[in-house]
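Shown below: protein.csv, with CSV, C-alpha atoms (C1' of nucleotides).
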chain,number,residue,atom,x,y,z
A,1,MET,CA,1.3,-27.8,-1.0
A,2,LYS,CA,-1.4,-30.4,-0.1
A,3,GLU,CA,-2.6,-27.9,2.5
A,4,ALA,CA,-2.7,-25.2,0.0
A,5,TYR,CA,-4.7,-27.4,-2.4
A,6,LEU,CA,-7.3,-28.0,0.3
A,7,LEU,CA,-7.6,-24.4,1.1
A,8,MET,CA,-8.2,-23.6,-2.5
A,9,ARG,CA,-10.7,-26.3,-3.0
A,10,ASP,CA,-12.6,-25.1,0.1
A,11,ALA,CA,-12.8,-21.7,-1.5
A,12,GLY,CA,-13.9,-23.1,-4.9
A,13,LEU,CA,-10.7,-22.2,-6.6
A,14,LYS,CA,-9.3,-24.4,-9.3
A,15,LEU,CA,-5.8,-25.8,-9.2
A,16,THR,CA,-4.4,-24.5,-12.4
A,17,PRO,CA,-0.8,-25.0,-13.6
A,18,ARG,CA,-0.3,-21.2,-13.1
A,19,ARG,CA,-1.4,-21.4,-9.5
A,20,GLN,CA,0.6,-24.5,-8.8
A,21,ALA,CA,3.7,-22.6,-10.1
A,22,ILE,CA,2.9,-19.6,-7.9
A,23,ILE,CA,2.5,-21.7,-4.8
A,24,ALA,CA,5.7,-23.6,-5.6
A,25,MET,CA,7.6,-20.4,-6.1
A,26,PHE,CA,6.6,-19.1,-2.7
A,27,SER,CA,7.2,-22.4,-1.0
A,28,ASP,CA,10.7,-22.7,-2.5
A,29,SER,CA,12.0,-19.3,-1.9
A,30,ARG,CA,10.1,-18.3,1.2
A,31,VAL,CA,10.4,-14.6,0.5
A,32,GLN,CA,7.9,-11.9,-0.1
A,33,LEU,CA,7.2,-11.1,-3.7
A,34,SER,CA,5.5,-8.3,-5.6
A,35,PRO,CA,3.2,-9.0,-8.5
A,36,GLN,CA,5.9,-7.9,-10.9
A,37,GLU,CA,8.4,-10.3,-9.4
A,38,VAL,CA,6.0,-13.1,-9.6
A,39,GLN,CA,5.4,-12.4,-13.2
A,40,GLU,CA,9.1,-12.3,-13.9
A,41,ARG,CA,9.6,-15.7,-12.3
A,42,LEU,CA,6.6,-17.2,-14.1
A,43,LYS,CA,8.1,-16.3,-17.4
A,44,CYS,CA,10.6,-19.0,-17.0
A,45,GLN,CA,7.9,-21.6,-17.2
A,46,PHE,CA,5.1,-19.9,-19.1
A,47,ILE,CA,5.8,-18.0,-22.3
A,48,ARG,CA,2.7,-16.0,-22.1
A,49,CYS,CA,1.8,-14.6,-18.8
A,50,GLY,CA,-0.1,-11.4,-18.2
A,51,LEU,CA,0.1,-9.2,-15.2
A,52,PRO,CA,-3.7,-9.1,-14.8
A,53,GLY,CA,-3.7,-12.8,-14.3
A,54,VAL,CA,-0.9,-12.6,-11.7
A,55,TYR,CA,-2.9,-9.9,-9.8
A,56,ARG,CA,-6.0,-12.0,-9.8
A,57,ASN,CA,-4.2,-15.2,-8.7
A,58,LEU,CA,-2.3,-13.5,-5.9
A,59,GLU,CA,-5.5,-11.9,-4.6
A,60,ALA,CA,-7.4,-15.2,-4.9
A,61,LEU,CA,-4.7,-17.1,-3.0
A,62,ALA,CA,-4.6,-14.4,-0.3
A,63,ASP,CA,-8.4,-14.5,0.0
A,64,CYS,CA,-8.3,-18.3,0.7
A,65,GLY,CA,-5.4,-18.1,3.1
A,66,VAL,CA,-2.6,-19.7,1.2
A,67,LEU,CA,-0.8,-16.3,0.9
A,68,PHE,CA,-0.9,-13.3,3.2
A,69,ARG,CA,-0.7,-9.7,2.2
A,70,VAL,CA,2.5,-7.9,3.4
A,71,VAL,CA,1.5,-4.5,4.8
A,72,GLY,CA,3.4,-1.3,4.4
A,73,PHE,CA,2.9,2.3,3.5
A,74,GLY,CA,1.9,3.3,0.0
A,75,ARG,CA,2.8,1.6,-3.2
A,76,GLU,CA,4.8,-1.5,-2.4
A,77,ARG,CA,2.4,-4.4,-2.5
A,78,SER,CA,3.6,-7.8,-1.9
A,79,TYR,CA,2.6,-11.3,-0.7
A,80,ALA,CA,4.2,-14.2,1.1
A,81,LEU,CA,3.3,-17.8,1.9
A,82,CYS,CA,1.2,-18.2,5.1
A,83,CYS,CA,3.0,-20.9,6.9
A,84,CYS,CA,0.1,-21.7,9.2
A,85,SER,CA,-2.4,-24.5,9.0
A,86,GLN,CA,-5.6,-22.7,8.8
A,87,ARG,CA,-8.1,-25.3,8.0
A,88,ASP,CA,-9.0,-26.3,11.5
A,89,GLY,CA,-10.8,-23.0,12.1
A,90,VAL,CA,-9.0,-19.8,11.2
A,91,HIS,CA,-7.0,-18.6,14.2
A,92,HIS,CA,-5.6,-15.2,15.0
A,93,HIS,CA,-1.9,-14.9,14.2
A,94,HIS,CA,0.7,-12.6,12.7
A,95,HIS,CA,3.9,-13.0,10.7
A,96,VAL,CA,7.5,-12.2,11.2
A,97,ILE,CA,9.7,-11.9,8.2
A,98,CYS,CA,13.5,-12.4,8.3
A,99,ILE,CA,15.1,-9.5,6.6
A,100,SER,CA,18.2,-11.6,5.8
A,101,CYS,CA,16.8,-14.7,4.2
A,102,GLY,CA,13.1,-13.9,3.9
A,103,LEU,CA,11.9,-16.8,6.1
A,104,VAL,CA,8.4,-16.2,7.3
A,105,GLY,CA,7.5,-17.2,10.9
A,106,GLN,CA,4.3,-17.3,12.7
A,107,VAL,CA,3.6,-15.1,15.8
A,108,GLU,CA,0.9,-16.5,18.0
A,109,SER,CA,1.0,-14.1,20.9
A,110,CYS,CA,-0.9,-11.0,20.5
A,111,ALA,CA,-2.1,-8.4,23.0
A,112,TYR,CA,-4.6,-6.8,20.8
A,113,GLN,CA,-7.4,-9.3,20.3
A,114,GLU,CA,-10.7,-7.9,19.4
A,115,GLY,CA,-12.6,-6.5,22.4
A,116,VAL,CA,-9.5,-5.6,24.4
A,117,VAL,CA,-9.5,-2.0,25.6
A,118,ILE,CA,-6.3,-0.1,25.0
A,119,GLU,CA,-5.8,3.5,26.0
A,120,GLY,CA,-9.6,3.8,26.2
A,121,PHE,CA,-10.2,2.4,22.8
A,122,ARG,CA,-12.1,-0.9,22.4
A,123,VAL,CA,-10.0,-2.7,19.8
A,124,VAL,CA,-11.9,-3.8,16.6
A,125,SER,CA,-9.0,-4.7,14.3
A,126,HIS,CA,-5.3,-4.2,13.8
A,127,VAL,CA,-2.4,-4.6,11.6
A,128,LEU,CA,0.8,-6.1,13.0
A,129,GLN,CA,3.8,-7.3,11.1
A,130,LEU,CA,7.3,-7.9,12.3
A,131,ARG,CA,10.7,-7.9,10.6
A,132,GLY,CA,13.7,-9.5,12.2
A,133,ILE,CA,16.5,-11.9,11.9
A,134,CYS,CA,15.7,-15.6,12.1
A,135,ALA,CA,17.6,-18.1,14.3
A,136,SER,CA,19.8,-19.5,11.6
A,137,CYS,CA,20.7,-16.2,10.1
A,138,SER,CA,21.4,-14.9,13.6
A,139,SER,CA,23.8,-17.8,14.4
A,140,ARG,CA,25.5,-17.4,11.0
A,141,GLU,CA,26.1,-13.7,11.8
A,142,THR,CA,27.6,-14.7,15.1
A,143,GLU,CA,30.0,-17.2,13.6
A,144,ALA,CA,31.1,-14.8,10.9
A,145,SER,CA,31.9,-12.0,13.3
A,146,GLY,CA,33.3,-14.2,16.1
B,1,MET,CA,0.1,23.7,16.4
B,2,LYS,CA,2.9,25.4,18.3
B,3,GLU,CA,4.4,21.9,18.8
B,4,ALA,CA,4.1,21.2,15.1
B,5,TYR,CA,5.8,24.5,14.3
B,6,LEU,CA,8.8,23.5,16.5
B,7,LEU,CA,9.1,20.1,14.9
B,8,MET,CA,9.1,21.7,11.5
B,9,ARG,CA,11.7,24.3,12.5
B,10,ASP,CA,13.9,21.6,13.9
B,11,ALA,CA,13.8,19.8,10.6
B,12,GLY,CA,14.5,23.0,8.7
B,13,LEU,CA,11.0,23.2,7.2
B,14,LYS,CA,9.4,26.5,6.5
B,15,LEU,CA,6.0,27.4,7.9
B,16,THR,CA,4.1,28.2,4.7
B,17,PRO,CA,0.5,29.1,4.5
B,18,ARG,CA,-0.1,25.8,2.7
B,19,ARG,CA,1.4,23.8,5.5
B,20,GLN,CA,-0.4,25.7,8.2
B,21,ALA,CA,-3.6,24.9,6.4
B,22,ILE,CA,-2.8,21.2,6.2
B,23,ILE,CA,-1.9,21.0,9.9
B,24,ALA,CA,-5.0,22.9,10.8
B,25,MET,CA,-7.1,20.6,8.7
B,26,PHE,CA,-5.7,17.5,10.4
B,27,SER,CA,-6.0,19.2,13.9
B,28,ASP,CA,-9.6,20.1,13.3
B,29,SER,CA,-11.0,16.9,11.9
B,30,ARG,CA,-8.8,14.4,13.5
B,31,VAL,CA,-9.3,11.8,10.8
B,32,GLN,CA,-6.9,10.2,8.4
B,33,LEU,CA,-6.8,11.8,5.0
B,34,SER,CA,-5.4,10.7,1.6
B,35,PRO,CA,-3.5,13.1,-0.6
B,36,GLN,CA,-6.5,13.5,-2.8
B,37,GLU,CA,-8.7,14.4,0.2
B,38,VAL,CA,-6.2,16.9,1.4
B,39,GLN,CA,-6.1,18.6,-2.0
B,40,GLU,CA,-9.9,18.6,-2.1
B,41,ARG,CA,-10.0,20.5,1.2
B,42,LEU,CA,-7.2,22.8,0.3
B,43,LYS,CA,-9.1,24.0,-2.7
B,44,CYS,CA,-11.5,25.8,-0.4
B,45,GLN,CA,-8.7,28.2,0.7
B,46,PHE,CA,-6.3,28.1,-2.2
B,47,ILE,CA,-7.5,28.4,-5.8
B,48,ARG,CA,-4.4,26.9,-7.2
B,49,CYS,CA,-3.1,23.8,-5.5
B,50,GLY,CA,-1.4,21.0,-7.2
B,51,LEU,CA,-1.2,17.4,-6.1
B,52,PRO,CA,2.6,17.2,-6.3
B,53,GLY,CA,2.8,19.9,-3.7
B,54,VAL,CA,0.3,18.1,-1.5
B,55,TYR,CA,2.4,14.9,-1.7
B,56,ARG,CA,5.6,16.8,-1.0
B,57,ASN,CA,4.1,18.5,2.1
B,58,LEU,CA,2.5,15.4,3.5
B,59,GLU,CA,5.8,13.5,3.2
B,60,ALA,CA,7.7,16.4,4.7
B,61,LEU,CA,5.3,16.6,7.6
B,62,ALA,CA,5.5,12.9,8.2
B,63,ASP,CA,9.3,13.0,8.1
B,64,CYS,CA,9.5,15.6,10.8
B,65,GLY,CA,6.9,13.8,13.0
B,66,VAL,CA,3.9,16.1,12.7
B,67,LEU,CA,1.9,13.5,10.8
B,68,PHE,CA,2.3,9.8,10.7
B,69,ARG,CA,1.8,7.4,7.8
B,70,VAL,CA,-1.3,5.1,8.1
B,71,VAL,CA,-0.3,1.7,7.0
B,72,GLY,CA,-2.4,-0.7,5.0
B,73,PHE,CA,-2.1,-3.0,2.0
B,74,GLY,CA,-1.5,-1.7,-1.4
B,75,ARG,CA,-2.7,1.6,-2.8
B,76,GLU,CA,-4.5,3.4,-0.1
B,77,ARG,CA,-2.1,5.9,1.2
B,78,SER,CA,-3.1,8.2,4.0
B,79,TYR,CA,-1.8,10.3,6.9
B,80,ALA,CA,-3.1,11.4,10.3
B,81,LEU,CA,-1.9,13.8,12.9
B,82,CYS,CA,0.5,12.4,15.4
B,83,CYS,CA,-0.9,13.4,18.7
B,84,CYS,CA,2.3,12.8,20.6
B,85,SER,CA,4.9,15.3,21.9
B,86,GLN,CA,8.0,14.0,20.2
B,87,ARG,CA,10.5,16.8,20.8
B,88,ASP,CA,11.9,15.5,24.1
B,89,GLY,CA,13.5,12.6,22.3
B,90,VAL,CA,11.6,10.4,19.9
B,91,HIS,CA,9.9,7.6,21.8
B,92,HIS,CA,8.5,4.4,20.5
B,93,HIS,CA,4.7,4.4,20.2
B,94,HIS,CA,1.9,3.4,18.0
B,95,HIS,CA,-1.6,4.7,17.1
B,96,VAL,CA,-5.1,3.6,17.5
B,97,ILE,CA,-7.7,5.2,15.2
B,98,CYS,CA,-11.4,5.4,16.1
B,99,ILE,CA,-13.4,3.9,13.3
B,100,SER,CA,-16.4,5.9,14.3
B,101,CYS,CA,-15.1,9.5,14.8
B,102,GLY,CA,-11.5,9.2,13.5
B,103,LEU,CA,-9.9,10.2,16.8
B,104,VAL,CA,-6.3,9.2,17.0
B,105,GLY,CA,-4.9,7.8,20.3
B,106,GLN,CA,-1.4,6.9,21.3
B,107,VAL,CA,-0.4,3.4,22.3
B,108,GLU,CA,2.6,3.3,24.6
B,109,SER,CA,2.7,-0.4,25.5
B,110,CYS,CA,4.5,-2.6,22.9
B,111,ALA,CA,5.8,-6.0,23.2
B,112,TYR,CA,7.9,-5.9,20.1
B,113,GLN,CA,10.7,-3.5,20.9
B,114,GLU,CA,13.9,-3.9,18.8
B,115,GLY,CA,16.1,-6.7,20.1
B,116,VAL,CA,13.3,-8.8,21.6
B,117,VAL,CA,13.2,-12.4,20.4
B,118,ILE,CA,9.9,-13.6,19.2
B,119,GLU,CA,9.4,-17.2,17.9
B,120,GLY,CA,13.1,-17.4,17.3
B,121,PHE,CA,13.3,-14.1,15.4
B,122,ARG,CA,15.3,-11.2,16.8
B,123,VAL,CA,13.0,-8.2,16.2
B,124,VAL,CA,14.4,-5.4,14.0
B,125,SER,CA,11.3,-3.4,13.2
B,126,HIS,CA,7.6,-3.7,13.1
B,127,VAL,CA,4.4,-2.2,11.9
B,128,LEU,CA,1.5,-2.0,14.4
B,129,GLN,CA,-1.7,-0.1,14.0
B,130,LEU,CA,-5.0,-0.5,15.7
B,131,ARG,CA,-8.5,0.4,14.9
B,132,GLY,CA,-11.2,0.6,17.5
B,133,ILE,CA,-13.9,2.6,19.2
B,134,CYS,CA,-12.9,5.4,21.4
B,135,ALA,CA,-14.4,6.0,24.9
B,136,SER,CA,-16.8,8.7,23.9
B,137,CYS,CA,-18.1,6.9,20.8
B,138,SER,CA,-18.4,3.8,22.9
B,139,SER,CA,-20.5,5.5,25.6
B,140,ARG,CA,-22.6,7.1,22.9
B,141,GLU,CA,-23.3,3.7,21.4
B,142,THR,CA,-24.4,2.4,24.8
B,143,GLU,CA,-26.8,5.3,25.4
B,144,ALA,CA,-28.4,4.9,22.0
B,145,SER,CA,-29.0,1.2,22.3
B,146,GLY,CA,-29.9,1.1,26.0
C,1,DT,C1',15.7,45.0,2.9
C,2,DT,C1',18.1,41.6,0.6
C,3,DA,C1',20.1,37.1,-0.4
C,4,DT,C1',19.2,32.4,-0.3
C,5,DA,C1',17.5,28.1,-0.1
C,6,DA,C1',13.2,26.1,0.0
C,7,DA,C1',8.4,25.7,-1.6
C,8,DT,C1',5.3,26.2,-5.3
C,9,DG,C1',2.1,24.9,-9.6
C,10,DG,C1',1.4,22.5,-13.5
C,11,DA,C1',2.7,19.7,-17.4
C,12,DA,C1',4.3,15.5,-18.4
C,13,DA,C1',6.4,11.2,-17.5
C,14,DC,C1',6.0,7.1,-15.2
C,15,DT,C1',4.2,3.2,-12.7
C,16,DA,C1',0.8,0.3,-10.8
C,17,DT,C1',-3.7,-1.6,-11.1
C,18,DT,C1',-8.2,-2.7,-13.0
C,19,DT,C1',-11.6,-3.5,-16.6
C,20,DC,C1',-13.0,-5.6,-20.6
C,21,DT,C1',-13.5,-9.2,-24.1
C,22,DG,C1',-13.1,-13.3,-26.4
C,23,DT,C1',-10.7,-17.8,-25.8
C,24,DT,C1',-9.1,-21.7,-23.2
C,25,DT,C1',-9.3,-25.1,-19.5
C,26,DA,C1',-10.0,-27.6,-14.9
C,27,DT,C1',-13.6,-29.8,-12.8
C,28,DC,C1',-17.7,-32.3,-12.2
C,29,DC,C1',-21.0,-35.4,-13.9
C,30,DT,C1',-22.3,-39.2,-16.6
D,1,DA,C1',-13.3,-41.4,-21.5
D,2,DG,C1',-16.4,-37.4,-23.0
D,3,DG,C1',-19.2,-33.3,-22.6
D,4,DA,C1',-21.1,-29.3,-20.1
D,5,DT,C1',-20.0,-25.4,-17.3
D,6,DA,C1',-18.1,-22.0,-14.7
D,7,DA,C1',-13.7,-20.3,-13.8
D,8,DA,C1',-9.2,-18.8,-15.5
D,9,DC,C1',-6.7,-17.0,-19.0
D,10,DA,C1',-3.9,-13.2,-22.1
D,11,DG,C1',-3.5,-9.0,-23.7
D,12,DA,C1',-5.1,-4.4,-24.9
D,13,DA,C1',-6.7,-0.4,-23.1
D,14,DA,C1',-8.5,2.4,-19.6
D,15,DT,C1',-7.8,4.2,-15.1
D,16,DA,C1',-5.6,5.9,-11.1
D,17,DG,C1',-1.8,7.1,-8.3
D,18,DT,C1',2.8,9.1,-7.9
D,19,DT,C1',7.0,11.4,-9.3
D,20,DT,C1',10.0,14.4,-12.0
D,21,DC,C1',11.1,18.5,-13.9
D,22,DC,C1',11.5,23.4,-14.4
D,23,DA,C1',10.5,28.2,-14.0
D,24,DT,C1',8.5,31.2,-10.6
D,25,DT,C1',7.4,32.7,-6.0
D,26,DT,C1',8.2,33.1,-1.0
D,27,DA,C1',9.7,32.4,4.0
D,28,DT,C1',13.5,33.0,6.6
D,29,DA,C1',17.6,34.9,8.6
D,30,DA,C1',21.3,38.2,8.2
Starting from the coordinates I provided, produce the structure as structure tokens.
Amino acid sequence: MKEAYLLMRDAGLKLTPRRQAIIAMFSDSRVQLSPQEVQERLKCQFIRCGLPGVYRNLEALADCGVLFRVVGFGRERSYALCCCSQRDGVHHHHHVICISCGLVGQVESCAYQEGVVIEGFRVVSHVLQLRGICASCSSRETEASG
Amino acid sequence: MKEAYLLMRDAGLKLTPRRQAIIAMFSDSRVQLSPQEVQERLKCQFIRCGLPGVYRNLEALADCGVLFRVVGFGRERSYALCCCSQRDGVHHHHHVICISCGLVGQVESCAYQEGVVIEGFRVVSHVLQLRGICASCSSRETEASG
DNA sequence: TTATAAATGGAAACTATTTCTGTTTATCCT
DNA sequence: AGGATAAACAGAAATAGTTTCCATTTATAA
């Protein structure tokens, strides 16, 4: 939360109650959320709360590195908390999302850094995102079935 | 084209003039196209041509493996021709798209096969897509600048 | 050639996202 | 603490993207 505040300040973003609530929401539940879901949850705390503001805030928080944009095909747009300390120079990393509890992990290894040549193509950029089962959900599964 | 026809037949899809035109379009230009762009290009050959039909066909062709869905964040939805022979058993692969000419290449190597454990997460699925400069565009660049 | 299931166009419904405008508010400076 | 200022805000309305529906047409296989 402290980290998030610093990222925001670096980007010239104000720490409004709305944004605090959004960050807390992502910190607490650790799952990916769509703008609609975020609005839904905000309504518990704020009586008036428009979707345009939610869109703006999510994009602003993604731009400054507090959230990241979950990729997919087509419509479904969603965001999740970027768990990584980014202030000491942005470093290349990806995310893995637990399909059971929503926990977001950080993936450091990546074979596709810019400049690498793959199948004759010199890599410029890429999208990589993983889904899986985190350690604790995995052990819970094992217990249950064993 | 022959390959595409077999994939379609396996999936129980009919080879309609519309679909032939769509496949030819992707084969010829080798770039990724949005439904809107596909419709635009179809209008040259077919006077009447609704977007719903374009959506349906693109999804059907993606389902049977002729096209693949280009991933991204949010709205932008697009498709490209899957260059890979898939009939002899579907095999795991990804794509790399040339940002200069749109050429689509096939990436066989992948460190994130299902079951692999990364950062404590057991991988279930993933999205990977690369952008880069293909060999011929790369050498053209070198000539031009040298 | 005919039967059949699939594909089609287009209207309309639906959903998601952005723009716009006037008001409110966090932050910085004194 | 108090005021100036740029940013954030809500909500309406515009825009854009996608899906559903239905009656008609058509590719395929017998």
message: So the first atom is atom CA of A:Val117 and the second is atom CA of B:Phe73; what is the distance between them in Å, to one decimal place?
response: 24.8 Å
For chain B against chain C, which residues fall within 10 Å using all atoms listed in the file, given as a CSV table (one decimal) with C-alpha atoms, in the frame of the given file?
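What ended up in iface.csv:
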chain,number,residue,atom,x,y,z
B,12,GLY,CA,14.5,23.0,8.7
B,13,LEU,CA,11.0,23.2,7.2
B,14,LYS,CA,9.4,26.5,6.5
B,15,LEU,CA,6.0,27.4,7.9
B,16,THR,CA,4.1,28.2,4.7
B,18,ARG,CA,-0.1,25.8,2.7
B,48,ARG,CA,-4.4,26.9,-7.2
B,49,CYS,CA,-3.1,23.8,-5.5
B,50,GLY,CA,-1.4,21.0,-7.2
B,51,LEU,CA,-1.2,17.4,-6.1
B,52,PRO,CA,2.6,17.2,-6.3
B,53,GLY,CA,2.8,19.9,-3.7
B,56,ARG,CA,5.6,16.8,-1.0
B,57,ASN,CA,4.1,18.5,2.1
B,74,GLY,CA,-1.5,-1.7,-1.4
B,75,ARG,CA,-2.7,1.6,-2.8
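As for atom CA of A:Ser139 and atom CA of A:Ser78, they are spaced 27.8 Å apart.
Counting all atoms listed in the file, the residue from A:Lys2, A:Arg19, A:His91, A:His126 that sits nearest to chain B is A:His126.
With atom CA of B:Cys137 on one side and atom CA of B:Ala111 on the other, the separation reads 27.3 Å.
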Transformed chain A, reference chain B, in-order C-alpha pairing, as a compact mmCIF listing (two decimals) with C-alpha atoms, in the coordinates of the input:
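The resulting file, result-v5.txt, is reproduced below:
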# COMPACT_ATOMS: atom_id res chain seq x y z
CA MET A 1 0.14 23.71 16.42
CA LYS A 2 3.04 25.37 18.34
CA GLU A 3 4.47 21.86 18.73
CA ALA A 4 4.12 21.22 15.12
CA TYR A 5 5.88 24.50 14.29
CA LEU A 6 8.84 23.48 16.44
CA LEU A 7 9.09 20.14 14.87
CA MET A 8 9.17 21.69 11.47
CA ARG A 9 11.70 24.26 12.37
CA ASP A 10 13.94 21.52 13.85
CA ALA A 11 13.78 19.78 10.52
CA GLY A 12 14.48 22.99 8.54
CA LEU A 13 11.05 23.15 7.07
CA LYS A 14 9.41 26.46 6.45
CA LEU A 15 6.01 27.36 7.82
CA THR A 16 4.15 28.18 4.70
CA PRO A 17 0.45 29.14 4.52
CA ARG A 18 -0.14 25.79 2.70
CA ARG A 19 1.43 23.83 5.52
CA GLN A 20 -0.33 25.80 8.19
CA ALA A 21 -3.65 24.92 6.43
CA ILE A 22 -2.70 21.24 6.26
CA ILE A 23 -1.81 21.07 9.91
CA ALA A 24 -5.00 22.92 10.84
CA MET A 25 -7.08 20.59 8.77
CA PHE A 26 -5.70 17.55 10.54
CA SER A 27 -5.93 19.14 13.94
CA ASP A 28 -9.58 20.12 13.39
CA SER A 29 -10.94 16.99 11.99
CA ARG A 30 -8.69 14.41 13.59
CA VAL A 31 -9.24 11.86 10.85
CA GLN A 32 -6.96 10.18 8.43
CA LEU A 33 -6.77 11.74 5.02
CA SER A 34 -5.45 10.72 1.62
CA PRO A 35 -3.53 13.13 -0.55
CA GLN A 36 -6.56 13.57 -2.75
CA GLU A 37 -8.74 14.47 0.20
CA VAL A 38 -6.27 16.93 1.41
CA GLN A 39 -6.18 18.57 -1.93
CA GLU A 40 -9.94 18.74 -2.06
CA ARG A 41 -10.08 20.47 1.31
CA LEU A 42 -7.28 22.88 0.41
CA LYS A 43 -9.23 24.08 -2.54
CA CYS A 44 -11.54 25.88 -0.28
CA GLN A 45 -8.78 28.20 0.77
CA PHE A 46 -6.33 28.11 -2.11
CA ILE A 47 -7.53 28.48 -5.68
CA ARG A 48 -4.51 26.91 -7.13
CA CYS A 49 -3.25 23.85 -5.49
CA GLY A 50 -1.43 21.02 -7.19
CA LEU A 51 -1.32 17.45 -6.12
CA PRO A 52 2.49 17.30 -6.36
CA GLY A 53 2.71 19.96 -3.74
CA VAL A 54 0.27 18.11 -1.44
CA TYR A 55 2.38 14.90 -1.83
CA ARG A 56 5.54 16.72 -0.97
CA ASN A 57 4.04 18.53 2.06
CA LEU A 58 2.45 15.40 3.49
CA GLU A 59 5.73 13.49 3.14
CA ALA A 60 7.71 16.39 4.64
CA LEU A 61 5.37 16.64 7.63
CA ALA A 62 5.50 12.86 8.15
CA ASP A 63 9.31 12.93 7.95
CA CYS A 64 9.47 15.54 10.80
CA GLY A 65 6.90 13.81 12.95
CA VAL A 66 3.95 16.10 12.78
CA LEU A 67 1.98 13.49 10.73
CA PHE A 68 2.25 9.71 10.73
CA ARG A 69 1.77 7.43 7.80
CA VAL A 70 -1.32 5.13 8.08
CA VAL A 71 -0.29 1.62 7.01
CA GLY A 72 -2.36 -0.78 5.02
CA PHE A 73 -2.14 -3.09 2.08
CA GLY A 74 -1.65 -1.74 -1.41
CA ARG A 75 -2.89 1.50 -2.79
CA GLU A 76 -4.63 3.40 -0.04
CA ARG A 77 -2.14 5.89 1.31
CA SER A 78 -3.11 8.19 3.99
CA TYR A 79 -1.81 10.30 6.91
CA ALA A 80 -3.04 11.46 10.28
CA LEU A 81 -1.89 13.90 12.95
CA CYS A 82 0.63 12.39 15.44
CA CYS A 83 -0.80 13.38 18.72
CA CYS A 84 2.41 12.77 20.64
CA SER A 85 4.98 15.24 21.84
CA GLN A 86 8.04 14.06 20.18
CA ARG A 87 10.52 16.73 20.79
CA ASP A 88 11.92 15.47 24.03
CA GLY A 89 13.64 12.56 22.29
CA VAL A 90 11.60 10.46 19.89
CA HIS A 91 9.96 7.61 21.79
CA HIS A 92 8.53 4.35 20.56
CA HIS A 93 4.75 4.43 20.23
CA HIS A 94 1.88 3.38 18.01
CA HIS A 95 -1.53 4.75 17.09
CA VAL A 96 -5.07 3.65 17.47
CA ILE A 97 -7.65 5.12 15.21
CA CYS A 98 -11.38 5.28 16.08
CA ILE A 99 -13.31 3.92 13.21
CA SER A 100 -16.40 5.93 14.24
CA CYS A 101 -15.09 9.43 14.66
CA GLY A 102 -11.50 9.14 13.46
CA LEU A 103 -9.90 10.19 16.78
CA VAL A 104 -6.30 9.15 16.91
CA GLY A 105 -4.89 7.82 20.24
CA GLN A 106 -1.48 6.96 21.30
CA VAL A 107 -0.48 3.38 22.33
CA GLU A 108 2.54 3.30 24.56
CA SER A 109 2.72 -0.37 25.41
CA CYS A 110 4.42 -2.52 22.99
CA ALA A 111 5.83 -6.04 23.24
CA TYR A 112 7.95 -5.88 20.22
CA GLN A 113 10.76 -3.46 20.96
CA GLU A 114 13.85 -3.89 18.98
CA GLY A 115 16.07 -6.72 20.26
CA VAL A 116 13.22 -8.78 21.70
CA VAL A 117 13.22 -12.37 20.48
CA ILE A 118 9.89 -13.67 19.28
CA GLU A 119 9.38 -17.17 17.97
CA GLY A 120 13.15 -17.36 17.45
CA PHE A 121 13.36 -14.17 15.54
CA ARG A 122 15.33 -11.21 16.96
CA VAL A 123 12.99 -8.31 16.26
CA VAL A 124 14.50 -5.42 14.15
CA SER A 125 11.36 -3.45 13.26
CA HIS A 126 7.61 -3.72 13.04
CA VAL A 127 4.47 -2.21 11.93
CA LEU A 128 1.54 -2.00 14.35
CA GLN A 129 -1.62 -0.03 13.96
CA LEU A 130 -4.91 -0.43 15.73
CA ARG A 131 -8.50 0.44 14.83
CA GLY A 132 -11.19 0.62 17.44
CA ILE A 133 -13.90 2.59 19.01
CA CYS A 134 -12.93 5.45 21.29
CA ALA A 135 -14.41 6.04 24.77
CA SER A 136 -16.89 8.68 23.77
CA CYS A 137 -18.11 6.91 20.72
CA SER A 138 -18.40 3.74 22.79
CA SER A 139 -20.55 5.46 25.48
CA ARG A 140 -22.70 7.11 22.78
CA GLU A 141 -23.35 3.65 21.27
CA THR A 142 -24.36 2.40 24.66
CA GLU A 143 -26.82 5.19 25.30
CA ALA A 144 -28.37 4.84 21.87
CA SER A 145 -28.97 1.13 22.18
CA GLY A 146 -29.89 1.14 25.89
Give me, as a CSV table (one decimal) with C-alpha atoms, in the coordinates of the input, all polymer residues having an atom no more than 8 Å from stretch 32-34 of chain B, counting only C-alpha atoms (C1' of nucleotides) and skipping those fewer than 6 positions away in the same chain.
chain,number,residue,atom,x,y,z
B,26,PHE,CA,-5.7,17.5,10.4
B,70,VAL,CA,-1.3,5.1,8.1
B,76,GLU,CA,-4.5,3.4,-0.1
B,77,ARG,CA,-2.1,5.9,1.2
B,78,SER,CA,-3.1,8.2,4.0
B,79,TYR,CA,-1.8,10.3,6.9
B,80,ALA,CA,-3.1,11.4,10.3
B,81,LEU,CA,-1.9,13.8,12.9
B,102,GLY,CA,-11.5,9.2,13.5
- request: Find the spatial neighbours of A:Cys82, counting all atoms listed in the file, within a cut-off of 7 Å - ignore same-chain residues fewer than 2 positions away - and output them as a PyMOL selection string.
  value: chain A and resi 65-68+80+84
task: Return the neighbours of chain A among the residues of chain B, cut-off 8 Å, counting all atoms listed in the file, as a count of residues only.
output: 33
message: Could you tell me which residues of chain D sit within 9 Å of chain A when counting all atoms listed in the file, and give me the result as JSON, numbers by chain?
response: {"D": [7, 8, 9, 10, 11, 17, 18]}
